[in-house]
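Structure file start_2.json (JSON, C-alpha atoms) follows.
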```json
[["chain", "number", "residue", "atom", "x", "y", "z"],
["A", 229, "MET", "CA", 13.13, 31.36, 72.38],
["A", 230, "ASN", "CA", 15.72, 33.02, 70.18],
["A", 231, "LYS", "CA", 14.02, 35.19, 67.55],
["A", 232, "SER", "CA", 16.56, 34.10, 64.91],
["A", 233, "LEU", "CA", 15.72, 30.42, 65.52],
["A", 234, "ILE", "CA", 12.00, 31.14, 65.19],
["A", 235, "TYR", "CA", 12.65, 33.02, 61.96],
["A", 236, "TYR", "CA", 14.69, 30.16, 60.44],
["A", 237, "ARG", "CA", 12.03, 27.61, 61.41],
["A", 238, "PHE", "CA", 9.43, 29.79, 59.77],
["A", 239, "ILE", "CA", 11.50, 29.96, 56.57],
["A", 240, "ILE", "CA", 12.02, 26.16, 56.51],
["A", 241, "ALA", "CA", 8.30, 25.53, 57.10],
["A", 242, "SER", "CA", 7.39, 27.95, 54.31],
["A", 243, "VAL", "CA", 9.76, 26.28, 51.87],
["A", 244, "MET", "CA", 8.40, 22.85, 52.75],
["A", 245, "CYS", "CA", 4.83, 24.03, 52.26],
["A", 246, "PHE", "CA", 5.76, 25.55, 48.92],
["A", 247, "CYS", "CA", 7.38, 22.32, 47.76],
["A", 248, "LEU", "CA", 4.39, 20.29, 48.87],
["A", 249, "ALA", "CA", 2.11, 22.68, 46.99],
["A", 250, "LEU", "CA", 4.20, 22.31, 43.84],
["A", 251, "SER", "CA", 4.17, 18.53, 44.16],
["A", 252, "ALA", "CA", 0.41, 18.50, 44.62],
["A", 253, "SER", "CA", 0.00, 20.80, 41.65],
["A", 254, "ALA", "CA", 2.21, 18.56, 39.49],
["A", 255, "GLN", "CA", 0.14, 15.52, 40.38],
["A", 256, "GLN", "CA", -3.19, 17.28, 39.95],
["A", 257, "SER", "CA", -4.99, 15.86, 36.94],
["A", 258, "PHE", "CA", -6.82, 17.84, 34.29],
["A", 259, "ILE", "CA", -8.46, 17.23, 30.91],
["A", 260, "VAL", "CA", -6.07, 17.07, 27.96],
["A", 261, "LYS", "CA", -7.86, 18.07, 24.75],
["A", 262, "GLY", "CA", -6.86, 18.08, 21.11],
["A", 263, "VAL", "CA", -7.48, 16.96, 17.52],
["A", 264, "ILE", "CA", -5.95, 14.05, 15.62],
["A", 265, "PHE", "CA", -5.05, 14.53, 11.94],
["A", 266, "ARG", "CA", -3.75, 12.31, 9.17],
["A", 267, "LYS", "CA", -0.15, 13.44, 8.68],
["A", 268, "ASN", "CA", 0.42, 16.11, 5.99],
["A", 269, "THR", "CA", -3.32, 16.45, 5.33],
["A", 270, "PRO", "CA", -6.28, 18.35, 6.78],
["A", 271, "ASP", "CA", -8.13, 15.03, 7.23],
["A", 272, "VAL", "CA", -9.15, 14.24, 10.79],
["A", 273, "ILE", "CA", -8.97, 10.73, 12.23],
["A", 274, "PRO", "CA", -12.10, 9.54, 14.05],
["A", 275, "GLN", "CA", -12.30, 6.54, 16.38],
["A", 276, "ALA", "CA", -8.61, 6.61, 17.33],
["A", 277, "LEU", "CA", -7.86, 5.04, 20.71],
["A", 278, "VAL", "CA", -6.22, 7.38, 23.23],
["A", 279, "THR", "CA", -4.61, 5.69, 26.26],
["A", 280, "ASN", "CA", -3.01, 7.31, 29.30],
["A", 281, "LEU", "CA", -0.22, 4.81, 29.92],
["A", 282, "THR", "CA", 0.54, 6.37, 33.30],
["A", 283, "ARG", "CA", -2.98, 6.21, 34.74],
["A", 284, "LYS", "CA", -4.33, 3.31, 32.63],
["A", 285, "ASN", "CA", -7.42, 5.17, 31.41],
["A", 286, "ASN", "CA", -8.70, 5.34, 27.83],
["A", 287, "GLY", "CA", -10.48, 7.72, 25.51],
["A", 288, "MET", "CA", -11.56, 7.83, 21.86],
["A", 289, "SER", "CA", -11.53, 10.55, 19.22],
["A", 290, "ASP", "CA", -14.96, 11.55, 17.87],
["A", 291, "GLU", "CA", -16.11, 11.98, 14.27],
["A", 292, "LEU", "CA", -14.33, 15.35, 14.10],
["A", 293, "GLY", "CA", -11.05, 13.86, 15.32],
["A", 294, "SER", "CA", -11.37, 15.59, 18.71],
["A", 295, "PHE", "CA", -10.33, 13.82, 21.89],
["A", 296, "HIS", "CA", -10.18, 14.50, 25.62],
["A", 297, "ILE", "CA", -8.64, 12.43, 28.39],
["A", 298, "GLN", "CA", -7.81, 12.80, 32.08],
["A", 299, "ALA", "CA", -4.08, 13.31, 32.64],
["A", 300, "ALA", "CA", -1.47, 15.14, 34.70],
["A", 301, "MET", "CA", 1.86, 16.75, 33.95],
["A", 302, "GLY", "CA", 4.39, 14.11, 32.97],
["A", 303, "ASP", "CA", 1.81, 11.49, 31.95],
["A", 304, "THR", "CA", 2.39, 9.57, 28.71],
["A", 305, "LEU", "CA", -0.42, 9.33, 26.16],
["A", 306, "LEU", "CA", -0.56, 6.70, 23.41],
["A", 307, "PHE", "CA", -2.58, 7.24, 20.20],
["A", 308, "LYS", "CA", -3.48, 4.16, 18.15],
["A", 309, "LYS", "CA", -5.66, 3.30, 15.15],
["A", 310, "ASP", "CA", -5.60, 0.50, 12.60],
["A", 311, "ASP", "CA", -3.55, 1.32, 9.49],
["A", 312, "TYR", "CA", -1.70, 4.16, 11.28],
["A", 313, "ALA", "CA", 1.63, 4.26, 13.10],
["A", 314, "ALA", "CA", 1.15, 4.72, 16.85],
["A", 315, "GLN", "CA", 2.05, 8.12, 18.35],
["A", 316, "ILE", "CA", 3.33, 8.97, 21.85],
["A", 317, "LEU", "CA", 2.79, 12.29, 23.67],
["A", 318, "VAL", "CA", 4.25, 13.30, 27.04],
["A", 319, "VAL", "CA", 2.01, 15.87, 28.73],
["A", 320, "ILE", "CA", 4.06, 18.98, 29.54],
["A", 321, "THR", "CA", 1.43, 21.69, 29.04],
["A", 322, "ARG", "CA", -2.28, 22.33, 29.42],
["A", 323, "VAL", "CA", -2.52, 23.75, 25.90],
["A", 324, "ASP", "CA", -4.75, 21.86, 23.43],
["A", 325, "GLN", "CA", -2.75, 19.30, 21.45],
["A", 326, "THR", "CA", -2.55, 18.62, 17.71],
["A", 327, "ILE", "CA", -1.62, 15.01, 16.93],
["A", 328, "TYR", "CA", -0.48, 13.84, 13.47],
["A", 329, "MET", "CA", -0.63, 10.13, 12.67],
["A", 330, "GLN", "CA", 1.27, 8.57, 9.79],
["A", 331, "PRO", "CA", -0.75, 6.12, 7.65],
["A", 332, "ILE", "CA", 0.83, 2.73, 7.08],
["A", 333, "ILE", "CA", 1.13, 1.61, 3.48],
["A", 334, "HIS", "CA", 0.29, -2.07, 3.11],
["A", 335, "LEU", "CA", 1.85, -3.83, 0.17],
["A", 336, "ASN", "CA", -1.09, -5.90, -0.96],
["A", 337, "GLU", "CA", 0.19, -8.86, -2.89],
["A", 338, "VAL", "CA", -1.32, -9.09, -6.34],
["A", 339, "THR", "CA", -2.67, -12.56, -7.00],
["A", 340, "ILE", "CA", -1.03, -13.83, -10.17],
["A", 341, "LYS", "CA", -1.46, -17.43, -11.18],
["A", 342, "ASP", "CA", 2.26, -17.86, -11.65],
["A", 343, "LYS", "CA", 2.09, -21.53, -10.78],
["A", 344, "SER", "CA", -0.55, -22.12, -13.44],
["A", 345, "ARG", "CA", 1.52, -19.97, -15.77],
["A", 346, "LYS", "CA", 4.50, -22.18, -15.08],
["A", 347, "ASP", "CA", 2.40, -25.24, -15.79],
["A", 348, "GLU", "CA", 1.23, -23.74, -19.09],
["A", 349, "LEU", "CA", 4.78, -22.95, -20.14],
["A", 350, "ASN", "CA", 6.00, -26.37, -19.09],
["A", 351, "GLU", "CA", 3.24, -28.02, -21.13],
["A", 352, "VAL", "CA", 4.43, -26.20, -24.23],
["A", 353, "MET", "CA", 7.99, -27.30, -23.51],
["A", 354, "ASP", "CA", 6.78, -30.87, -23.11],
["A", 355, "ASP", "CA", 5.10, -30.64, -26.51],
["A", 356, "TYR", "CA", 8.39, -29.58, -28.03],
["A", 357, "LYS", "CA", 10.16, -32.49, -26.34],
["A", 358, "LYS", "CA", 7.60, -34.99, -27.66],
["A", 359, "LYS", "CA", 8.36, -34.04, -31.25],
["A", 360, "ASN", "CA", 10.76, -36.26, -33.17],
["A", 361, "GLN", "CA", 12.79, -33.23, -34.22],
["A", 362, "TYR", "CA", 14.87, -33.47, -31.02],
["A", 363, "TYR", "CA", 14.69, -34.87, -27.50],
["A", 364, "THR", "CA", 16.65, -32.36, -25.41],
["A", 365, "LEU", "CA", 17.32, -28.66, -25.49],
["A", 366, "ASN", "CA", 20.93, -29.13, -24.41],
["A", 367, "PRO", "CA", 22.35, -32.04, -26.41],
["A", 368, "SER", "CA", 25.24, -33.77, -24.76],
["A", 369, "ALA", "CA", 28.44, -34.84, -26.45],
["A", 370, "TRP", "CA", 27.26, -38.45, -26.02],
["A", 371, "SER", "CA", 24.15, -37.76, -28.13],
["A", 372, "LEU", "CA", 26.31, -36.31, -30.91],
["A", 373, "VAL", "CA", 28.45, -39.43, -30.91],
["A", 374, "ASN", "CA", 25.67, -42.00, -30.73],
["A", 375, "SER", "CA", 23.11, -40.18, -32.87],
["A", 376, "PRO", "CA", 24.95, -37.49, -34.82],
["A", 377, "LEU", "CA", 22.08, -36.56, -37.14],
["A", 378, "THR", "CA", 19.68, -36.07, -34.25],
["A", 379, "GLY", "CA", 22.26, -34.17, -32.22],
["A", 380, "LEU", "CA", 23.07, -31.81, -35.08],
["A", 381, "TYR", "CA", 19.38, -31.23, -35.73],
["A", 382, "GLU", "CA", 18.87, -30.31, -32.10],
["A", 383, "ILE", "CA", 21.53, -27.63, -32.46],
["A", 384, "PHE", "CA", 20.67, -26.28, -35.89],
["A", 385, "GLY", "CA", 17.19, -27.56, -36.66],
["A", 386, "LYS", "CA", 14.12, -25.35, -36.88],
["A", 387, "GLY", "CA", 12.31, -27.17, -34.07],
["A", 388, "ALA", "CA", 15.23, -26.77, -31.69],
["A", 389, "ALA", "CA", 15.55, -23.08, -32.48],
["A", 390, "GLN", "CA", 11.86, -22.57, -31.82],
["A", 391, "ALA", "CA", 12.07, -24.41, -28.52],
["A", 392, "LYS", "CA", 15.07, -22.42, -27.35],
["A", 393, "ARG", "CA", 13.34, -19.17, -28.23],
["A", 394, "PHE", "CA", 10.30, -20.32, -26.31],
["A", 395, "ARG", "CA", 12.44, -21.30, -23.33],
["A", 396, "GLN", "CA", 13.85, -17.77, -23.26],
["A", 397, "TYR", "CA", 10.34, -16.33, -23.59],
["A", 398, "SER", "CA", 9.03, -18.47, -20.70],
["A", 399, "LYS", "CA", 11.93, -17.35, -18.49],
["A", 400, "GLU", "CA", 11.18, -13.69, -19.20],
["A", 401, "GLU", "CA", 7.45, -14.23, -18.68],
["A", 402, "LEU", "CA", 7.95, -15.73, -15.23],
["A", 403, "GLU", "CA", 10.34, -12.93, -14.28],
["A", 404, "ARG", "CA", 7.77, -10.33, -15.33],
["A", 405, "ALA", "CA", 5.17, -12.07, -13.16],
["A", 406, "ALA", "CA", 7.56, -11.98, -10.18],
["A", 407, "VAL", "CA", 8.11, -8.24, -10.65],
["A", 408, "ALA", "CA", 4.37, -7.56, -10.99],
["A", 409, "LYS", "CA", 3.72, -9.26, -7.66],
["A", 410, "ARG", "CA", 5.56, -6.52, -5.79],
["A", 411, "TYR", "CA", 5.61, -3.56, -8.21],
["A", 412, "ASN", "CA", 2.22, -2.77, -9.67],
["A", 413, "LYS", "CA", -0.31, -0.03, -10.39],
["A", 414, "LYS", "CA", -2.15, -0.38, -7.10],
["A", 415, "LEU", "CA", 1.04, 0.10, -5.06],
["A", 416, "ILE", "CA", 2.15, 3.10, -7.12],
["A", 417, "LEU", "CA", -1.22, 4.81, -6.59],
["A", 418, "GLN", "CA", -0.91, 4.17, -2.84],
["A", 419, "VAL", "CA", 2.57, 5.66, -2.61],
["A", 420, "THR", "CA", 2.14, 8.68, -4.91],
["A", 421, "SER", "CA", -0.50, 11.26, -5.73],
["A", 422, "MET", "CA", -0.13, 10.40, -9.41],
["A", 423, "PRO", "CA", -3.22, 10.62, -11.64],
["A", 424, "ASP", "CA", -4.44, 7.17, -12.60],
["A", 425, "ILE", "CA", -3.99, 7.96, -16.29],
["A", 426, "GLU", "CA", -0.22, 8.50, -15.87],
["A", 427, "VAL", "CA", 0.61, 5.27, -14.05],
["A", 428, "GLN", "CA", 1.16, 3.25, -17.22],
["A", 429, "ASP", "CA", 3.64, 5.79, -18.61],
["A", 430, "PHE", "CA", 5.44, 5.90, -15.26],
["A", 431, "MET", "CA", 5.73, 2.12, -15.14],
["A", 432, "LEU", "CA", 7.06, 1.98, -18.69],
["A", 433, "ALA", "CA", 9.73, 4.52, -17.78],
["A", 434, "PHE", "CA", 10.57, 3.19, -14.32],
["A", 435, "THR", "CA", 10.18, -0.52, -13.67],
["A", 436, "PRO", "CA", 12.81, -2.32, -11.57],
["A", 437, "SER", "CA", 14.58, -5.37, -12.92],
["A", 438, "TYR", "CA", 13.86, -8.90, -11.80],
["A", 439, "GLU", "CA", 17.29, -9.01, -10.14],
["A", 440, "ASP", "CA", 16.47, -5.88, -8.11],
["A", 441, "ILE", "CA", 12.97, -6.93, -7.07],
["A", 442, "THR", "CA", 14.18, -10.28, -5.71],
["A", 443, "VAL", "CA", 16.57, -8.64, -3.21],
["A", 444, "TRP", "CA", 14.71, -5.42, -2.35],
["A", 445, "SER", "CA", 12.70, -5.00, 0.84],
["A", 446, "ASP", "CA", 9.27, -3.33, 0.83],
["A", 447, "TYR", "CA", 10.97, -0.15, 2.03],
["A", 448, "ASP", "CA", 13.37, -0.28, -0.94],
["A", 449, "ILE", "CA", 10.47, -0.56, -3.39],
["A", 450, "ILE", "CA", 8.60, 2.37, -1.84],
["A", 451, "SER", "CA", 11.77, 4.49, -1.84],
["A", 452, "TYR", "CA", 12.36, 3.58, -5.51],
["A", 453, "ILE", "CA", 8.83, 4.70, -6.42],
["A", 454, "LYS", "CA", 9.06, 7.98, -4.49],
["A", 455, "ARG", "CA", 12.49, 8.83, -5.88],
["A", 456, "ASN", "CA", 11.56, 8.15, -9.49],
["A", 457, "TYR", "CA", 8.15, 9.80, -9.20],
["A", 458, "GLU", "CA", 9.84, 13.02, -8.13],
["A", 459, "TYR", "CA", 12.03, 12.84, -11.24],
["A", 460, "TYR", "CA", 9.10, 11.85, -13.45],
["A", 461, "ARG", "CA", 6.94, 14.72, -12.18],
["A", 462, "ASN", "CA", 9.68, 17.26, -12.95],
["A", 463, "ASN", "CA", 10.74, 15.81, -16.30],
["A", 464, "LYS", "CA", 7.76, 13.97, -17.79],
["A", 465, "SER", "CA", 7.42, 16.47, -20.63],
["A", 466, "SER", "CA", 10.93, 15.64, -21.83],
["A", 467, "LEU", "CA", 10.80, 11.88, -21.24],
["A", 468, "LYS", "CA", 10.55, 9.75, -24.35],
["A", 469, "ILE", "CA", 8.43, 6.80, -23.34],
["A", 470, "GLU", "CA", 8.18, 3.99, -25.83],
["A", 471, "LYS", "CA", 4.67, 2.64, -26.01],
["A", 472, "LEU", "CA", 4.24, -1.12, -26.20],
["A", 473, "TYR", "CA", 0.96, -0.86, -28.10]]
```
Show me the file's structure as structure tokens.
Amino acid sequence: MNKSLIYYRFIIASVMCFCLALSASAQQSFIVKGVIFRKNTPDVIPQALVTNLTRKNNGMSDELGSFHIQAAMGDTLLFKKDDYAAQILVVITRVDQTIYMQPIIHLNEVTIKDKSRKDELNEVMDDYKKKNQYYTLNPSAWSLVNSPLTGLYEIFGKGAAQAKRFRQYSKEELERAAVAKRYNKKLILQVTSMPDIEVQDFMLAFTPSYEDITVWSDYDIISYIKRNYEYYRNNKSSLKIEKLY
């Protein structure tokens, strides 16, 4: 047989063996190790579920946040735990991994008896309406024609003025309750590292309007808090905050 032909066959066989060895090496599984941390903190996360989506096997981080799981190069690992955003890792090295998981901020709705508050305010309005001083807060032209004294009293009388002031107060009270449902001390403490003692001053200086809070998403509210807290932290010594007490 021609020596050149034998040589080329030997080269081809060697290359094929090398490729097969590389393929076997790539598919060879090993133990992926690492530690899971809460993002931007030194706090470890225990009892986080670690899933190899490629091989369908699971693991769990221990009390020190450490985990280990069988995997191979190219496998995809999923890290999950309640109240944290899930994380994905594609295995491309045998080096120990450090995983950071972002906590999810839940906007816990504050229970405010706004319906009962509405009922209370409406009862006061009903009391005003039952008085003989007037019978409507918005007298019509017809009432002025048919009962001019009553109509004029509704516009200029003391009882009517009191009722209109109360109507404005009740409107503002219900709007404040709507704002407090979504923007409150508990949420601010969750979003910022602000000392508890400063929250009241911060809220006096930076509270969104009723119009804003009715159209904002949860993300908008959190962004508003973070943005204004940064300003407050850098300028609180120069801020003039009017106390309401």
Atom pair CA of Arg455 (chain A) / CA of Asp310 (chain A): separation (Å):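 Separation between CA of Arg455 (chain A) and CA of Asp310 (chain A): 27.2 Å.
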Can you work out which one of A:Asn462, A:Arg404, A:Val419, A:Tyr397 has the shortest atom-to-atom distance to Thr435 (chain A), counting all atoms listed in the file?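 Distance minimum relative to Thr435 (chain A) lands on A:Arg404.
From CA of Ile320 (chain A) back to CA of Thr282 (chain A), the distance works out to 13.6 Å.
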Extract, using all atoms listed in the file, all DNA, RNA and protein residues at most 7 Å from Val318 (chain A), discarding same-chain residues fewer than 6 positions from it, and format them as a ChimeraX atom specification. /A:302-305
Measure the distance from CA of Ser451 (chain A) to CA of Gln315 (chain A) in Å and round it to one decimal. 22.7 Å
Nearby residues (all atoms listed in the file) at most 8 Å from Gln298 (chain A), same-chain spacing under 4 positions excluded, as a count of residues only: 6
Select, from A:Val263, A:Leu306, A:Ala406, A:Asn463, the residue with the minimum atom-to-atom distance to Lys284 (chain A), counting all atoms listed in the file.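 Going through A:Val263, A:Leu306, A:Ala406, A:Asn463 one by one, the smallest distance to Lys284 (chain A) is for A:Leu306.
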Which residue, A:His296, A:Lys267, A:Lys399, A:Lys454, has the smallest gap to Leu415 (chain A) when you use all atoms listed in the file?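 For Leu415 (chain A), the nearest of the given residues is A:Lys454.
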Test item: residues at most 7 Å from Ala276 (chain A), only C-alpha atoms, excluding those fewer than 3 positions along its chain, as a list in words: Ile273, Met288, Ser289, Phe307, Lys308 and Lys309 of chain A
Identify which of the residues A:Leu317, A:Gln418, A:Asn286, A:Asn268 lies closest to Ile332 (chain A), counting all atoms listed in the file when measuring atom-to-atom distances.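 Of all the options, A:Gln418 lies closest to Ile332 (chain A).
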Just checking: using all atoms listed in the file, which residue out of A:Arg393, A:Arg266, A:Lys413, A:Lys261 ends up closest to Thr321 (chain A)?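 The answer is A:Lys261, which sits nearest to Thr321 (chain A).
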Listed atoms of region 429-437 of chain A boxed along x, y and z, 4 Å each side, centre and edge lengths in Å, one decimal, as AutoDock Vina command-line options:
```
--center_x 9.1 --center_y 0.3 --center_z -15.1 --size_x 18.9 --size_y 19.3 --size_z 15.1
```
If we count all atoms listed in the file and set the cut-off at 9 Å, which residues sit around Glu291 (chain A), ignoring sequence neighbours fewer than 6 positions away in its own chain? Please answer as a ChimeraX atom specification. /A:272-275
Within 6 Å of (4.2, -6.0, -6.4), in the coordinates the file gives, what residues turn up when you count all atoms listed in the file, written out as a PyMOL selection string? chain A and resi 408-412
Can you take the partial region 281-292 of chain A, add all heavy atoms, and return it as a short mmCIF file (atom, residue, chain, number, x, y, z; two decimals), keeping the file's coordinate frame?
```
data_model
loop_
_atom_site.label_atom_id
_atom_site.label_comp_id
_atom_site.auth_asym_id
_atom_site.auth_seq_id
_atom_site.Cartn_x
_atom_site.Cartn_y
_atom_site.Cartn_z
N LEU A 281 -1.00 5.95 29.46
CA LEU A 281 -0.22 4.81 29.92
C LEU A 281 0.16 4.93 31.39
O LEU A 281 0.42 3.92 32.07
CB LEU A 281 1.06 4.69 29.08
CG LEU A 281 0.85 4.44 27.58
CD1 LEU A 281 2.20 4.39 26.87
CD2 LEU A 281 0.08 3.16 27.33
N THR A 282 0.18 6.15 31.90
CA THR A 282 0.54 6.37 33.30
C THR A 282 -0.61 6.00 34.23
O THR A 282 -0.42 5.36 35.26
CB THR A 282 0.95 7.83 33.53
OG1 THR A 282 1.97 8.18 32.59
CG2 THR A 282 1.47 8.05 34.94
N ARG A 283 -1.81 6.40 33.86
CA ARG A 283 -2.98 6.21 34.74
C ARG A 283 -3.90 5.08 34.28
O ARG A 283 -4.91 4.80 34.91
CB ARG A 283 -3.76 7.52 34.83
CG ARG A 283 -2.92 8.64 35.42
CD ARG A 283 -3.60 9.99 35.40
NE ARG A 283 -2.68 10.99 35.93
CZ ARG A 283 -2.55 11.30 37.21
NH1 ARG A 283 -3.30 10.69 38.10
NH2 ARG A 283 -1.68 12.21 37.60
N LYS A 284 -3.58 4.47 33.13
CA LYS A 284 -4.33 3.31 32.63
C LYS A 284 -5.79 3.64 32.30
O LYS A 284 -6.67 2.79 32.46
CB LYS A 284 -4.28 2.14 33.62
CG LYS A 284 -2.90 1.78 34.12
CD LYS A 284 -1.97 1.38 32.99
CE LYS A 284 -0.60 0.98 33.51
NZ LYS A 284 0.35 0.69 32.43
N ASN A 285 -6.07 4.85 31.85
CA ASN A 285 -7.42 5.17 31.41
C ASN A 285 -7.42 5.44 29.91
O ASN A 285 -6.38 5.79 29.33
CB ASN A 285 -8.00 6.37 32.18
CG ASN A 285 -7.11 7.59 32.08
OD1 ASN A 285 -5.92 7.51 32.30
ND2 ASN A 285 -7.70 8.73 31.76
N ASN A 286 -8.59 5.25 29.28
CA ASN A 286 -8.70 5.34 27.83
C ASN A 286 -9.70 6.40 27.40
O ASN A 286 -10.61 6.77 28.15
CB ASN A 286 -9.13 4.00 27.23
CG ASN A 286 -8.11 2.90 27.48
OD1 ASN A 286 -6.91 3.14 27.38
ND2 ASN A 286 -8.58 1.71 27.81
N GLY A 287 -9.53 6.83 26.15
CA GLY A 287 -10.48 7.72 25.51
C GLY A 287 -10.55 7.38 24.04
O GLY A 287 -9.84 6.50 23.55
N MET A 288 -11.39 8.09 23.29
CA MET A 288 -11.56 7.83 21.86
C MET A 288 -11.87 9.14 21.15
O MET A 288 -12.63 9.97 21.65
CB MET A 288 -12.71 6.84 21.64
CG MET A 288 -12.86 6.37 20.21
SD MET A 288 -11.69 5.06 19.78
CE MET A 288 -12.34 3.70 20.75
N SER A 289 -11.23 9.33 19.98
CA SER A 289 -11.53 10.55 19.22
C SER A 289 -12.91 10.43 18.58
O SER A 289 -13.35 9.34 18.20
CB SER A 289 -10.46 10.78 18.14
OG SER A 289 -10.43 9.73 17.20
N ASP A 290 -13.62 11.57 18.45
CA ASP A 290 -14.96 11.55 17.87
C ASP A 290 -14.89 11.70 16.36
O ASP A 290 -13.82 11.64 15.76
CB ASP A 290 -15.83 12.65 18.51
CG ASP A 290 -15.27 14.05 18.27
OD1 ASP A 290 -14.48 14.23 17.31
OD2 ASP A 290 -15.63 14.96 19.03
N GLU A 291 -16.05 11.91 15.73
CA GLU A 291 -16.11 11.98 14.27
C GLU A 291 -15.35 13.18 13.71
O GLU A 291 -15.03 13.22 12.52
CB GLU A 291 -17.58 12.04 13.82
CG GLU A 291 -18.36 10.75 14.10
CD GLU A 291 -17.69 9.53 13.47
OE1 GLU A 291 -17.30 9.62 12.29
OE2 GLU A 291 -17.56 8.51 14.16
N LEU A 292 -15.08 14.17 14.53
CA LEU A 292 -14.33 15.35 14.10
C LEU A 292 -12.85 15.24 14.46
O LEU A 292 -12.10 16.21 14.32
CB LEU A 292 -14.93 16.62 14.72
CG LEU A 292 -16.39 16.91 14.34
CD1 LEU A 292 -16.88 18.15 15.07
CD2 LEU A 292 -16.52 17.08 12.83
#
```
